[in-house]
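Asker: So here's start04.txt (compact mmCIF, C-alpha atoms).
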# COMPACT_ATOMS: atom_id res chain seq x y z
CA MET Y 1 8.77 3.74 -7.79
CA LEU Y 2 5.32 5.30 -8.17
CA LYS Y 3 4.14 5.88 -11.69
CA ARG Y 4 3.53 9.57 -12.38
CA THR Y 5 0.55 10.26 -14.65
CA PRO Y 6 0.05 13.59 -16.45
CA ALA Y 7 -2.45 15.75 -14.60
CA ARG Y 8 -5.08 18.04 -16.06
CA TRP Y 9 -6.21 21.49 -14.97
CA TRP Y 10 -2.91 23.38 -14.80
CA ILE Y 11 -0.84 25.95 -16.66
CA PRO Y 12 2.93 26.56 -16.84
CA GLU Y 13 4.46 29.58 -15.14
CA ASP Y 14 7.87 31.24 -15.09
CA GLY Y 15 10.85 29.42 -13.66
CA SER Y 16 9.53 25.95 -14.50
CA CYS Y 17 6.75 26.43 -11.94
CA VAL Y 18 3.21 25.31 -12.62
CA ARG Y 19 -0.15 26.69 -11.49
CA CYS Y 20 -2.69 24.02 -10.51
CA LEU Y 21 -6.23 25.05 -11.49
CA LEU Y 22 -8.11 22.12 -9.99
CA CYS Y 23 -9.36 23.85 -6.86
CA PRO Y 24 -9.71 27.41 -5.55
CA ARG Y 25 -6.25 27.29 -3.96
CA GLN Y 26 -4.64 27.68 -7.39
CA CYS Y 27 -1.36 26.36 -5.96
CA ARG Y 28 1.83 27.67 -7.54
CA ILE Y 29 4.11 24.64 -7.44
CA ALA Y 30 7.87 24.85 -7.82
CA PRO Y 31 9.85 22.06 -9.54
CA GLN Y 32 9.87 18.77 -7.60
CA LYS Y 33 7.35 20.17 -5.11
CA ARG Y 34 3.73 19.21 -4.46
CA GLY Y 35 0.56 21.21 -4.05
CA PHE Y 36 -1.41 21.58 -0.81
CA CYS Y 37 -3.21 18.28 -1.45
CA GLY Y 38 0.10 16.39 -1.40
CA VAL Y 39 -0.65 14.29 -4.49
CA ARG Y 40 0.00 16.62 -7.44
CA GLU Y 41 3.67 17.21 -8.20
CA ASN Y 42 5.67 19.42 -10.53
CA VAL Y 43 7.96 17.06 -12.45
CA GLY Y 44 10.21 18.90 -14.86
CA GLY Y 45 7.74 21.72 -15.44
CA SER Y 46 4.69 19.47 -15.89
CA LEU Y 47 2.03 18.71 -13.29
CA MET Y 48 1.72 15.01 -12.53
CA SER Y 49 -0.71 12.98 -10.45
CA LEU Y 50 0.84 10.66 -7.87
CA VAL Y 51 -2.42 8.81 -7.17
CA TYR Y 52 -3.74 7.92 -10.62
CA GLY Y 53 -4.23 4.16 -10.47
CA TYR Y 54 -3.27 3.89 -6.80
CA PRO Y 55 -6.38 3.43 -4.66
CA VAL Y 56 -5.43 2.67 -1.08
CA ALA Y 57 -8.98 1.91 0.06
CA LEU Y 58 -11.31 -0.53 -1.73
CA GLN Y 59 -14.58 -1.55 -0.13
CA ASN Y 60 -17.99 -2.98 -0.96
CA ASP Y 61 -20.41 -0.79 1.01
CA PRO Y 62 -24.13 -0.28 1.42
CA ILE Y 63 -24.87 2.96 -0.41
CA GLU Y 64 -26.45 4.39 2.75
CA LYS Y 65 -22.95 4.48 4.27
CA LYS Y 66 -21.85 7.25 1.87
CA PRO Y 67 -24.36 8.58 3.10
CA LEU Y 68 -26.88 8.47 0.25
CA TYR Y 69 -30.39 7.54 1.34
CA HIS Y 70 -32.35 8.59 -1.74
CA PHE Y 71 -30.20 7.32 -4.63
CA LEU Y 72 -30.31 3.61 -5.46
CA PRO Y 73 -31.43 2.77 -1.89
CA ARG Y 74 -30.66 -0.67 -0.47
CA THR Y 75 -27.99 -1.38 -3.09
CA ARG Y 76 -24.26 -2.00 -2.86
CA ILE Y 77 -21.64 0.49 -3.99
CA PHE Y 78 -17.98 -0.20 -4.72
CA SER Y 79 -15.98 2.48 -2.91
CA ILE Y 80 -12.46 3.62 -3.72
CA GLY Y 81 -10.20 6.29 -2.25
CA THR Y 82 -6.59 7.43 -2.47
CA PHE Y 83 -4.34 9.66 -0.42
CA GLY Y 84 -4.75 13.45 -0.44
CA CYS Y 85 -7.15 16.30 0.27
CA ASN Y 86 -7.33 19.97 -0.67
CA LEU Y 87 -8.79 21.05 2.69
CA GLY Y 88 -6.92 21.23 5.97
CA CYS Y 89 -9.69 20.41 8.43
CA LEU Y 90 -8.31 20.25 11.97
CA PHE Y 91 -11.13 17.86 12.90
CA CYS Y 92 -10.70 15.47 9.94
CA GLN Y 93 -12.45 12.18 10.60
CA ASN Y 94 -10.30 10.27 8.08
CA ASP Y 95 -6.86 11.87 8.34
CA SER Y 96 -4.92 8.66 7.63
CA LEU Y 97 -5.98 9.05 3.99
CA SER Y 98 -6.65 12.77 3.64
CA ARG Y 99 -3.30 13.75 5.12
CA GLY Y 100 -1.47 10.69 3.87
CA VAL Y 101 1.24 11.30 1.30
CA PRO Y 102 2.23 8.75 -1.37
CA GLN Y 103 5.89 7.79 -1.29
CA ASP Y 104 7.98 5.93 -3.85
CA SER Y 105 8.88 3.40 -1.17
CA MET Y 106 5.27 2.40 -0.57
CA PRO Y 107 4.22 -1.01 -1.94
CA LEU Y 108 1.13 0.34 -3.68
CA ARG Y 109 -0.61 -1.74 -6.35
CA TYR Y 110 -1.42 -0.01 -9.63
CA ARG Y 111 -4.97 -0.64 -10.85
CA GLN Y 112 -6.19 0.34 -14.29
CA PRO Y 113 -9.65 2.02 -14.44
CA SER Y 114 -11.02 -1.13 -16.09
CA GLU Y 115 -9.93 -3.18 -13.08
CA ILE Y 116 -12.02 -1.02 -10.75
CA VAL Y 117 -15.07 -1.51 -12.94
CA ASP Y 118 -14.46 -5.26 -13.13
CA LEU Y 119 -14.19 -5.47 -9.34
CA ALA Y 120 -17.47 -3.59 -8.92
CA LEU Y 121 -19.25 -5.88 -11.34
CA MET Y 122 -17.73 -9.00 -9.82
CA GLN Y 123 -18.97 -7.93 -6.38
CA ARG Y 124 -22.45 -7.20 -7.77
CA CYS Y 125 -22.41 -3.51 -6.99
CA GLN Y 126 -24.72 -1.15 -8.84
CA SER Y 127 -22.45 1.88 -8.58
CA ILE Y 128 -18.94 3.11 -7.85
CA ALA Y 129 -18.14 5.75 -5.21
CA PHE Y 130 -15.12 8.01 -5.21
CA THR Y 131 -14.85 8.57 -1.49
CA TYR Y 132 -12.85 8.25 1.77
CA ASN Y 133 -10.54 11.13 0.80
CA GLU Y 134 -11.41 14.11 -1.41
CA PRO Y 135 -12.08 12.61 -4.87
CA SER Y 136 -11.37 15.76 -6.84
CA VAL Y 137 -7.65 15.35 -6.07
CA PHE Y 138 -7.72 12.11 -8.08
CA ALA Y 139 -10.18 13.45 -10.63
CA GLU Y 140 -8.24 12.24 -13.69
CA TYR Y 141 -8.54 8.68 -12.40
CA ALA Y 142 -12.15 9.11 -11.27
CA VAL Y 143 -13.23 10.44 -14.67
CA ASP Y 144 -11.58 7.54 -16.51
CA VAL Y 145 -13.19 5.02 -14.15
CA ALA Y 146 -16.57 6.78 -14.48
CA LYS Y 147 -16.53 6.62 -18.28
CA LEU Y 148 -16.00 2.86 -18.22
CA ALA Y 149 -18.49 2.43 -15.38
CA HIS Y 150 -21.23 4.06 -17.42
CA LEU Y 151 -20.46 1.83 -20.40
CA ALA Y 152 -20.91 -1.14 -18.05
CA GLY Y 153 -24.25 0.15 -16.74
CA LEU Y 154 -22.95 1.35 -13.38
CA LYS Y 155 -23.73 4.69 -11.75
CA THR Y 156 -21.07 6.92 -10.19
CA VAL Y 157 -20.96 8.86 -6.92
CA PHE Y 158 -18.75 11.60 -5.45
CA VAL Y 159 -18.45 11.95 -1.68
CA SER Y 160 -16.80 15.34 -1.68
CA ASN Y 161 -16.01 18.54 0.17
CA GLY Y 162 -17.12 20.48 -2.93
CA TYR Y 163 -13.94 22.58 -2.92
CA ILE Y 164 -13.32 22.64 -6.65
CA SER Y 165 -12.76 25.32 -9.29
CA PRO Y 166 -15.71 26.08 -11.60
CA GLU Y 167 -13.58 25.19 -14.63
CA ALA Y 168 -12.69 21.76 -13.28
CA ALA Y 169 -16.25 21.13 -12.06
CA LYS Y 170 -17.58 21.69 -15.59
CA GLU Y 171 -15.38 18.86 -16.87
CA ILE Y 172 -15.58 16.46 -13.90
CA TYR Y 173 -19.12 16.67 -12.53
CA PRO Y 174 -20.92 15.66 -15.77
CA HIS Y 175 -19.40 12.19 -15.30
CA ILE Y 176 -20.94 11.84 -11.82
CA ASP Y 177 -24.54 10.74 -11.25
CA ALA Y 178 -24.96 11.61 -7.57
CA ALA Y 179 -23.01 13.21 -4.76
CA ASN Y 180 -22.93 13.73 -1.05
CA ILE Y 181 -21.21 17.07 -0.49
CA ASP Y 182 -19.99 18.19 2.92
CA MET Y 183 -20.76 21.69 4.07
CA LYS Y 184 -18.39 21.97 7.00
CA GLY Y 185 -19.83 25.03 8.73
CA PHE Y 186 -21.90 27.88 7.36
CA SER Y 187 -19.45 30.76 7.82
CA GLU Y 188 -16.30 31.97 6.14
CA ASP Y 189 -14.62 32.25 9.55
CA PHE Y 190 -15.23 28.57 10.21
CA TYR Y 191 -13.72 27.55 6.89
CA SER Y 192 -10.76 29.91 7.28
CA ASP Y 193 -9.95 28.97 10.88
CA LEU Y 194 -10.65 25.23 10.87
CA CYS Y 195 -10.39 24.12 7.24
CA LYS Y 196 -7.81 26.49 5.74
CA ALA Y 197 -10.25 27.21 2.94
CA SER Y 198 -13.38 29.20 2.09
CA LEU Y 199 -17.09 28.49 2.01
CA GLN Y 200 -18.27 30.25 -1.15
CA PRO Y 201 -16.68 27.85 -3.67
CA VAL Y 202 -18.42 24.95 -1.91
CA LEU Y 203 -21.83 26.63 -2.24
CA GLU Y 204 -21.15 27.35 -5.91
CA SER Y 205 -20.23 23.73 -6.63
CA ILE Y 206 -23.38 22.48 -4.86
CA GLU Y 207 -25.53 24.78 -6.99
CA PHE Y 208 -23.75 23.77 -10.18
CA PHE Y 209 -24.07 20.05 -9.49
CA HIS Y 210 -27.73 20.18 -8.46
CA ASN Y 211 -29.25 23.12 -10.29
CA THR Y 212 -27.21 23.38 -13.48
CA LEU Y 213 -26.52 19.70 -14.11
CA GLY Y 214 -29.69 18.45 -12.46
CA ARG Y 215 -27.89 15.69 -10.56
CA HIS Y 216 -28.93 14.10 -7.29
CA VAL Y 217 -27.22 15.67 -4.28
CA GLU Y 218 -27.43 15.04 -0.55
CA LEU Y 219 -25.73 17.40 1.89
CA THR Y 220 -23.87 16.57 5.10
CA ASN Y 221 -23.01 18.90 7.97
CA LEU Y 222 -20.64 17.49 10.61
CA VAL Y 223 -21.90 19.22 13.75
CA ILE Y 224 -19.07 20.31 16.08
CA PRO Y 225 -20.17 21.61 19.51
CA GLY Y 226 -19.35 25.26 20.02
CA LYS Y 227 -17.97 25.69 16.50
CA ASN Y 228 -20.72 25.35 13.89
CA ASP Y 229 -23.79 24.36 15.91
CA SER Y 230 -25.26 27.73 16.90
CA PRO Y 231 -28.94 28.27 16.05
CA GLU Y 232 -27.88 31.26 13.93
CA LEU Y 233 -25.48 29.24 11.78
CA ILE Y 234 -27.87 26.31 11.43
CA ASP Y 235 -30.69 28.63 10.36
CA ALA Y 236 -28.42 30.48 7.94
CA TRP Y 237 -27.54 27.12 6.35
CA LEU Y 238 -31.18 26.06 6.17
CA ASP Y 239 -32.10 29.47 4.71
CA TRP Y 240 -29.55 28.96 1.95
CA VAL Y 241 -30.70 25.43 1.12
CA GLU Y 242 -34.33 26.51 1.11
CA ARG Y 243 -33.63 29.47 -1.16
CA LYS Y 244 -31.20 27.82 -3.56
CA LEU Y 245 -32.16 24.15 -3.65
CA GLY Y 246 -35.56 23.59 -2.04
CA TYR Y 247 -37.05 21.45 0.69
CA GLU Y 248 -36.62 18.11 -1.11
CA VAL Y 249 -32.82 18.00 -0.96
CA PRO Y 250 -31.82 15.43 1.68
CA LEU Y 251 -29.92 16.84 4.66
CA HIS Y 252 -27.60 14.83 6.88
CA PHE Y 253 -26.47 16.12 10.26
CA SER Y 254 -23.62 13.99 11.55
CA ALA Y 255 -22.04 13.75 14.99
CA TYR Y 256 -18.41 14.76 15.40
CA PHE Y 257 -15.96 12.64 17.40
CA PRO Y 258 -12.48 13.75 18.51
CA ALA Y 259 -10.05 13.14 15.66
CA TYR Y 260 -6.82 14.39 14.10
CA GLN Y 261 -5.92 17.71 15.82
CA PHE Y 262 -9.28 18.31 17.52
CA ARG Y 263 -10.00 17.00 21.02
CA ILE Y 264 -13.15 18.78 22.17
CA PRO Y 265 -15.91 16.43 23.41
CA PRO Y 266 -18.09 14.68 20.82
CA THR Y 267 -21.48 15.91 19.65
CA SER Y 268 -24.27 14.84 21.98
CA PRO Y 269 -27.14 12.84 20.45
CA GLU Y 270 -29.61 15.34 21.91
CA LEU Y 271 -27.97 18.29 20.13
CA LEU Y 272 -28.13 16.42 16.84
CA ARG Y 273 -31.77 15.43 17.41
CA ARG Y 274 -32.68 19.02 18.26
CA ILE Y 275 -31.13 20.26 15.01
CA GLY Y 276 -32.89 17.51 13.07
CA ARG Y 277 -36.28 18.36 14.56
CA HIS Y 278 -35.73 22.03 13.80
CA ALA Y 279 -34.96 21.28 10.15
CA GLN Y 280 -38.08 19.14 9.90
CA ASP Y 281 -40.20 21.84 11.57
CA ARG Y 282 -38.95 24.27 8.94
CA GLY Y 283 -40.30 22.01 6.21
CA PHE Y 284 -37.31 19.95 5.06
CA ARG Y 285 -38.67 16.58 4.05
CA HIS Y 286 -35.59 14.36 4.23
CA VAL Y 287 -33.54 14.92 7.38
CA HIS Y 288 -31.15 12.23 8.57
CA LEU Y 289 -28.87 11.97 11.59
CA GLY Y 290 -25.53 10.14 11.49
CA ASN Y 291 -22.93 8.71 13.89
CA ILE Y 292 -25.36 8.34 16.81
As C-alpha cells - that is how I would like this structure written.

Answerer:
Amino acid sequence: MLKRTPARWWIPEDGSCVRCLLCPRQCRIAPQKRGFCGVRENVGGSLMSLVYGYPVALQNDPIEKKPLYHFLPRTRIFSIGTFGCNLGCLFCQNDSLSRGVPQDSMPLRYRQPSEIVDLALMQRCQSIAFTYNEPSVFAEYAVDVAKLAHLAGLKTVFVSNGYISPEAAKEIYPHIDAANIDMKGFSEDFYSDLCKASLQPVLESIEFFHNTLGRHVELTNLVIPGKNDSPELIDAWLDWVERKLGYEVPLHFSAYFPAYQFRIPPTSPELLRRIGRHAQDRGFRHVHLGNI
C-alpha cells in the first residue's frame, strides 16, 4: 500500500471535493479521484500526494545532460524523478514516467528526503536535480529534499515544463538554484492542440524564476518538424527572450524523435543547425543543439 502524504496548494470545495492550486489547471477533484497529473488524490476531502518519497528514477548524471551547460559545468548531479506530469504532450519523450500512474500494488521503495541527500553525497555529486518527469507534481518532496540539500552544501535544479501557478512558484522556486525550463512551442495553438495546456503561464514562470528571483535559467525548445519550427515561431520566441531576458540566457534547441502518440519523422540535424545559426546571428551568445 502506497503511503499518502498530505499535499499543499489546495482548498476544499463543496461535496467533499478539493481544488488543486498547484498548476494553472486548477483541477477540481472528486473524492477518491486524482487530478490531471495522476499523482494527487482526494482522500476523504483532503488532497494527498501519491509520490512523496517514491522516486522511480535515480541516476548519477553529468550536469550537461539536464541540459545545463553554464551552471556548475563538468560536475555530477544526482537526478531523481517520480511518476506524473501536468501536461499532456502527444510527443512526450519520457512517457513511461510522465504518464505513469502509481498503484498500491507497485513494489515502490519509500525514501526519506535525507536518504536522497545522503545518496548524492555518497556519489560525490555537487547538486540534486528534480527531473525526468515534471518536478512540480512532486513539489512537496522536492522542497523537503532541497532544504536538506542546501544544509549539506548541495545545489538544486529543476528540469521543468514551467507550467505552475504563480502562488505555488513563489513558495517552490526560492528553494531551487537553477533550472532548465522547456518552452514547447511559441504559440497558444501549439500548447492547446499538442500539450493540452497554455503557453502564457510558462512564460510567466520563466520570468519569475530568472528576473524576480535572479536564478540561473537555461531554456530548451524541442523542435518538431512542421509543428513549431517555422521561421515565424522561432523568431517570435527569440524576440520574447531578447526582450524579457536578454542575450546571455542559454538556449537549447533539441531534436525530436517519434515517441508516445507522435509518429512524424524526426528533426533533421540540418534544420536544428539552421535554427542554431539563426539564433547566433541574432546575437544570442549561448546556443546549444541537442539529440543530434

Asker: Which distance in Å separates CA of Gly44 (chain Y) and CA of Ile164 (chain Y), to one decimal?

Answerer: 25.2 Å

Asker: Would you mind listing, for every residue of region 76-130 of chain Y within 7 Å of region 259-272 of chain Y, the two atoms forming the shortest contact and the distance between them in Å to one decimal, using all atoms listed in the file, sorted by chain and ascending residue number, as a Markdown table?

Answerer:
| residue | atom | partner | partner_atom | distance |
| --- | --- | --- | --- | --- |
| Y:Leu90 | CA | Y:Gln261 | CA | 5.2 |
| Y:Phe91 | CA | Y:Phe262 | CA | 5.0 |
| Y:Cys92 | CA | Y:Tyr260 | CA | 5.8 |
| Y:Gln93 | CA | Y:Ala259 | CA | 5.7 |
| Y:Asp95 | CA | Y:Tyr260 | CA | 6.3 |

Asker: Ranking Y:Asn228, Y:Ser160, Y:Asn86, Y:Asn133 by minimum distance to Lys184 (chain Y) and counting all atoms listed in the file, which one comes first?

Answerer: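 Of all the options, Y:Asn228 lies closest to Lys184 (chain Y).
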
Asker: Take CA of Leu251 (chain Y) and CA of Arg25 (chain Y) and report the distance between them in Å, one decimal.

Answerer: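 These two atoms are separated by 27.3 Å.
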
Asker: To box region 260-270 of chain Y, take all atoms listed in the file, fit an axis-aligned box, add 6 Å on each side, and give centre and edge lengths in Å to one decimal, as JSON.

Answerer:
{"center_x": -17.8, "center_y": 15.8, "center_z": 18.8, "size_x": 35.7, "size_y": 17.9, "size_z": 21.3}

Asker: To one decimal place, how far is CA of Leu47 (chain Y) from CA of Ala7 (chain Y) in Å?

Answerer: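 These atoms are spaced 5.5 Å apart.
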
Asker: Would you mind telling me which residue in Y:Ile116, Y:Ser187, Y:Pro225, Y:Pro135 lies nearest to Trp237 (chain Y) when using all atoms listed in the file?

Answerer: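 That would be Y:Ser187, the residue with the smallest distance to Trp237 (chain Y).
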
Asker: Show me, as a PyMOL selection string, the residues that have an atom within 12 Å of Pro62 (chain Y) when counting only C-alpha atoms, minus same-chain residues fewer than 4 positions from it.

Answerer: chain Y and resi 66-69+71-79+124-129

Asker: Show me, as JSON, numbers by chain, the residues that have an atom within 12 Å of Arg243 (chain Y) when counting only C-alpha atoms, minus same-chain residues fewer than 5 positions from it.

Answerer: {"Y": [207, 211, 235, 236, 237, 238, 248, 249, 284]}

Asker: I want to know what sits within 8 Å of region 48-59 of chain Y, based on all atoms listed in the file, with residues of the same chain fewer than 6 positions away left out; could you give that as JSON, numbers by chain?

Answerer: {"Y": [2, 3, 4, 5, 6, 7, 39, 40, 41, 42, 78, 79, 80, 81, 82, 83, 102, 108, 109, 110, 111, 112, 113, 132, 138, 140, 141]}

Asker: Between Y:Phe186, Y:Leu199, Y:Leu222, Y:Trp10, which has the minimum distance to Asp239 (chain Y) (counting only C-alpha atoms)?

Answerer: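 Using only C-alpha atoms, Asp239 (chain Y) sits closest to Y:Phe186.
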
Asker: May I ask which of the residues Y:Leu203, Y:Val287, Y:Ala149, Y:Cys37 is the closest one to Cys20 (chain Y), counting all atoms listed in the file?

Answerer: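 The answer is Y:Cys37, which sits nearest to Cys20 (chain Y).
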